[in-house]
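So the structure is just underneath, and the comments pick up after that.
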Amino acid sequence: VPVRARRQHCQPEGWRLGIVPASDTGAVEMALWSLLGPQPITVLAFESFSEEWAGDIINELHLPTKLRRADYGGLPDLSAIDPADDIVFAWNGTTSGVRMPHADWIDDNRTGLTICDATSAVFAMDLPWSKLDVVTWSWQKVLGGEGGHGMLALSPRAQAAFDAIPPA
């Protein structure tokens with residue numbers, strides 16, 4: 001039986017990877033609480049987890065947020081995303097099954113960060129790493145188990161943004 005070649009799902013050189021507590025939720029929350037604030041924020045809310053991230057940003061962090069919603073099972077309008085905004089979104093909806101068709105809507109010359117919850121996508125789909133700055137997932141969930149550890153991957157752009165935030 002011939003062995004099929006497997007795609008390489010590797011993050012690019014220069015990225016940093018951390019294992020954090022509290023599954024993908026913990027990884028996303030760490031990114032939100034650590035990186036959001038200096039830039040305007042857009043959240044794409046189209047499934048249960050992205051709705052949760054929107055609620056946390058608005059109600060817990062009290063940050064002004066442009067909320068782009070779609071009905072369950074659909075995607076929000078991706079045509080007018082401001083490249084100056086930090087963008088928070090799920091690559092695909094774990095609960096709805098809806099996924100981003102591509103990353104063409106993410107500007108290559110953006111000044112904001114893209115924070116992507118990719119827990120249901122990271123090992124199943126090719127991610128456009130050059131368009132993403134923060135990627136989170138739970139390796140246990142990807143393998144069909146209960147989450148416990150979160151994975152937090154930071155691009156060089158995200159690392160620079162974190163380093164630029166003055167200590168509290």
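Identifiers in the structure tokens: chain A, B, ... in order shown; residue index from 1 per chain; ligand index from 1 in order shown.
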task = Enumerate as a ChimeraX atom specification all residues of stretch 8-164 of chain A assigned to strand (DSSP E or B) by DSSP on the backbone, naming them with the chain letters and numbers the document uses.
result = /A:16-21,41-45,65-69,86-90,92,99,114-117,134-137,149-154
Export of the given selection (N, CA and C atoms) as a compact mmCIF listing (two decimals), in the first residue's frame:
```txt
# COMPACT_ATOMS: atom_id res chain seq x y z
N ARG A 16 6.62 32.29 17.70
CA ARG A 16 6.85 31.69 19.02
C ARG A 16 5.60 30.93 19.40
N LEU A 17 5.78 29.79 20.01
CA LEU A 17 4.67 28.91 20.38
C LEU A 17 4.70 28.68 21.88
N GLY A 18 3.55 28.85 22.51
CA GLY A 18 3.44 28.61 23.95
C GLY A 18 2.33 27.63 24.24
N ILE A 19 2.54 26.82 25.27
CA ILE A 19 1.50 25.94 25.79
C ILE A 19 0.97 26.61 27.05
N VAL A 20 -0.34 26.83 27.08
CA VAL A 20 -0.95 27.59 28.17
C VAL A 20 -2.09 26.78 28.80
N PRO A 21 -2.46 27.10 30.03
CA PRO A 21 -3.59 26.40 30.65
C PRO A 21 -4.92 26.86 30.06
N ILE A 41 -10.72 47.87 17.09
CA ILE A 41 -10.99 46.43 17.10
C ILE A 41 -12.22 46.11 16.26
N THR A 42 -12.10 45.07 15.44
CA THR A 42 -13.25 44.49 14.75
C THR A 42 -13.34 43.03 15.16
N VAL A 43 -14.53 42.59 15.54
CA VAL A 43 -14.76 41.18 15.85
C VAL A 43 -15.75 40.63 14.83
N LEU A 44 -15.40 39.49 14.24
CA LEU A 44 -16.29 38.79 13.32
C LEU A 44 -17.01 37.71 14.13
N ALA A 45 -18.29 37.92 14.38
CA ALA A 45 -19.07 37.02 15.22
C ALA A 45 -20.06 36.26 14.36
N THR A 65 -15.65 48.43 20.13
CA THR A 65 -15.50 47.34 19.17
C THR A 65 -16.49 47.47 18.03
N LYS A 66 -15.99 47.27 16.82
CA LYS A 66 -16.87 47.15 15.66
C LYS A 66 -17.26 45.68 15.58
N LEU A 67 -18.51 45.41 15.70
CA LEU A 67 -19.00 44.04 15.71
C LEU A 67 -19.65 43.73 14.37
N ARG A 68 -19.09 42.76 13.66
CA ARG A 68 -19.67 42.32 12.38
C ARG A 68 -20.25 40.93 12.61
N ARG A 69 -21.57 40.88 12.63
CA ARG A 69 -22.27 39.63 12.92
C ARG A 69 -22.83 39.02 11.64
N ASP A 86 -7.35 45.79 14.78
CA ASP A 86 -7.08 44.43 15.23
C ASP A 86 -8.35 43.65 14.93
N ILE A 87 -8.20 42.47 14.34
CA ILE A 87 -9.36 41.68 13.93
C ILE A 87 -9.35 40.38 14.72
N VAL A 88 -10.46 40.08 15.38
CA VAL A 88 -10.61 38.86 16.17
C VAL A 88 -11.66 38.00 15.47
N PHE A 89 -11.30 36.74 15.20
CA PHE A 89 -12.23 35.87 14.48
C PHE A 89 -11.85 34.41 14.66
N ALA A 90 -12.81 33.56 14.40
CA ALA A 90 -12.56 32.12 14.35
C ALA A 90 -12.35 31.76 12.88
N ASN A 92 -12.89 28.83 11.62
CA ASN A 92 -14.12 28.13 11.29
C ASN A 92 -14.93 27.91 12.56
N ARG A 99 -16.74 28.05 7.65
CA ARG A 99 -15.33 28.40 7.72
C ARG A 99 -15.00 29.53 6.76
N THR A 114 -4.17 40.30 13.40
CA THR A 114 -5.24 39.32 13.22
C THR A 114 -5.09 38.27 14.31
N ILE A 115 -6.13 38.12 15.10
CA ILE A 115 -6.15 37.14 16.20
C ILE A 115 -7.16 36.07 15.81
N CYS A 116 -6.66 34.88 15.52
CA CYS A 116 -7.47 33.82 14.91
C CYS A 116 -7.59 32.61 15.84
N ASP A 117 -8.82 32.29 16.22
CA ASP A 117 -9.13 31.06 16.93
C ASP A 117 -9.23 29.97 15.86
N VAL A 134 -1.78 36.08 15.43
CA VAL A 134 -1.96 35.26 16.63
C VAL A 134 -2.87 34.11 16.23
N VAL A 135 -2.44 32.90 16.50
CA VAL A 135 -3.24 31.72 16.19
C VAL A 135 -3.33 30.88 17.46
N THR A 136 -4.55 30.48 17.80
CA THR A 136 -4.76 29.67 19.01
C THR A 136 -5.48 28.38 18.65
N TRP A 137 -5.24 27.35 19.46
CA TRP A 137 -5.96 26.09 19.32
C TRP A 137 -5.72 25.25 20.55
N HIS A 149 -4.94 21.93 27.49
CA HIS A 149 -3.86 22.85 27.17
C HIS A 149 -4.26 23.67 25.96
N GLY A 150 -3.93 24.95 26.01
CA GLY A 150 -4.12 25.80 24.84
C GLY A 150 -2.78 26.03 24.19
N MET A 151 -2.81 26.26 22.90
CA MET A 151 -1.61 26.59 22.15
C MET A 151 -1.76 28.03 21.68
N LEU A 152 -0.73 28.82 21.88
CA LEU A 152 -0.74 30.23 21.53
C LEU A 152 0.47 30.50 20.66
N ALA A 153 0.24 30.78 19.38
CA ALA A 153 1.32 31.03 18.43
C ALA A 153 1.32 32.52 18.08
N LEU A 154 2.49 33.15 18.21
CA LEU A 154 2.63 34.58 17.95
C LEU A 154 3.60 34.82 16.81
```
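When only C-alpha atoms are used to measure the gap to A:Ala103, the shortest distance among A:Trp129, A:Trp33, A:Phe162, A:Phe123 belongs to A:Trp129.
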* A:Gly147, A:Gly112, A:Pro101, A:Gly74: which is nearest A:Asp126, counting only C-alpha atoms? ->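 Closest candidate: A:Pro101.
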Notebook entry, point to check: Nearest to A:Thr119: which of A:Asp24, A:Asp85, A:Glu29, A:Glu51 is it, counting only C-alpha atoms?
Noted result: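 Closest candidate: A:Asp24.
Proximity to stretch 105-109 of chain A at 8 Å, evaluated using only C-alpha atoms and with sequence-adjacent residues fewer than 5 positions away removed, yields Leu78, Ser79, Ile81, Pro83 and Lys131 of chain A.
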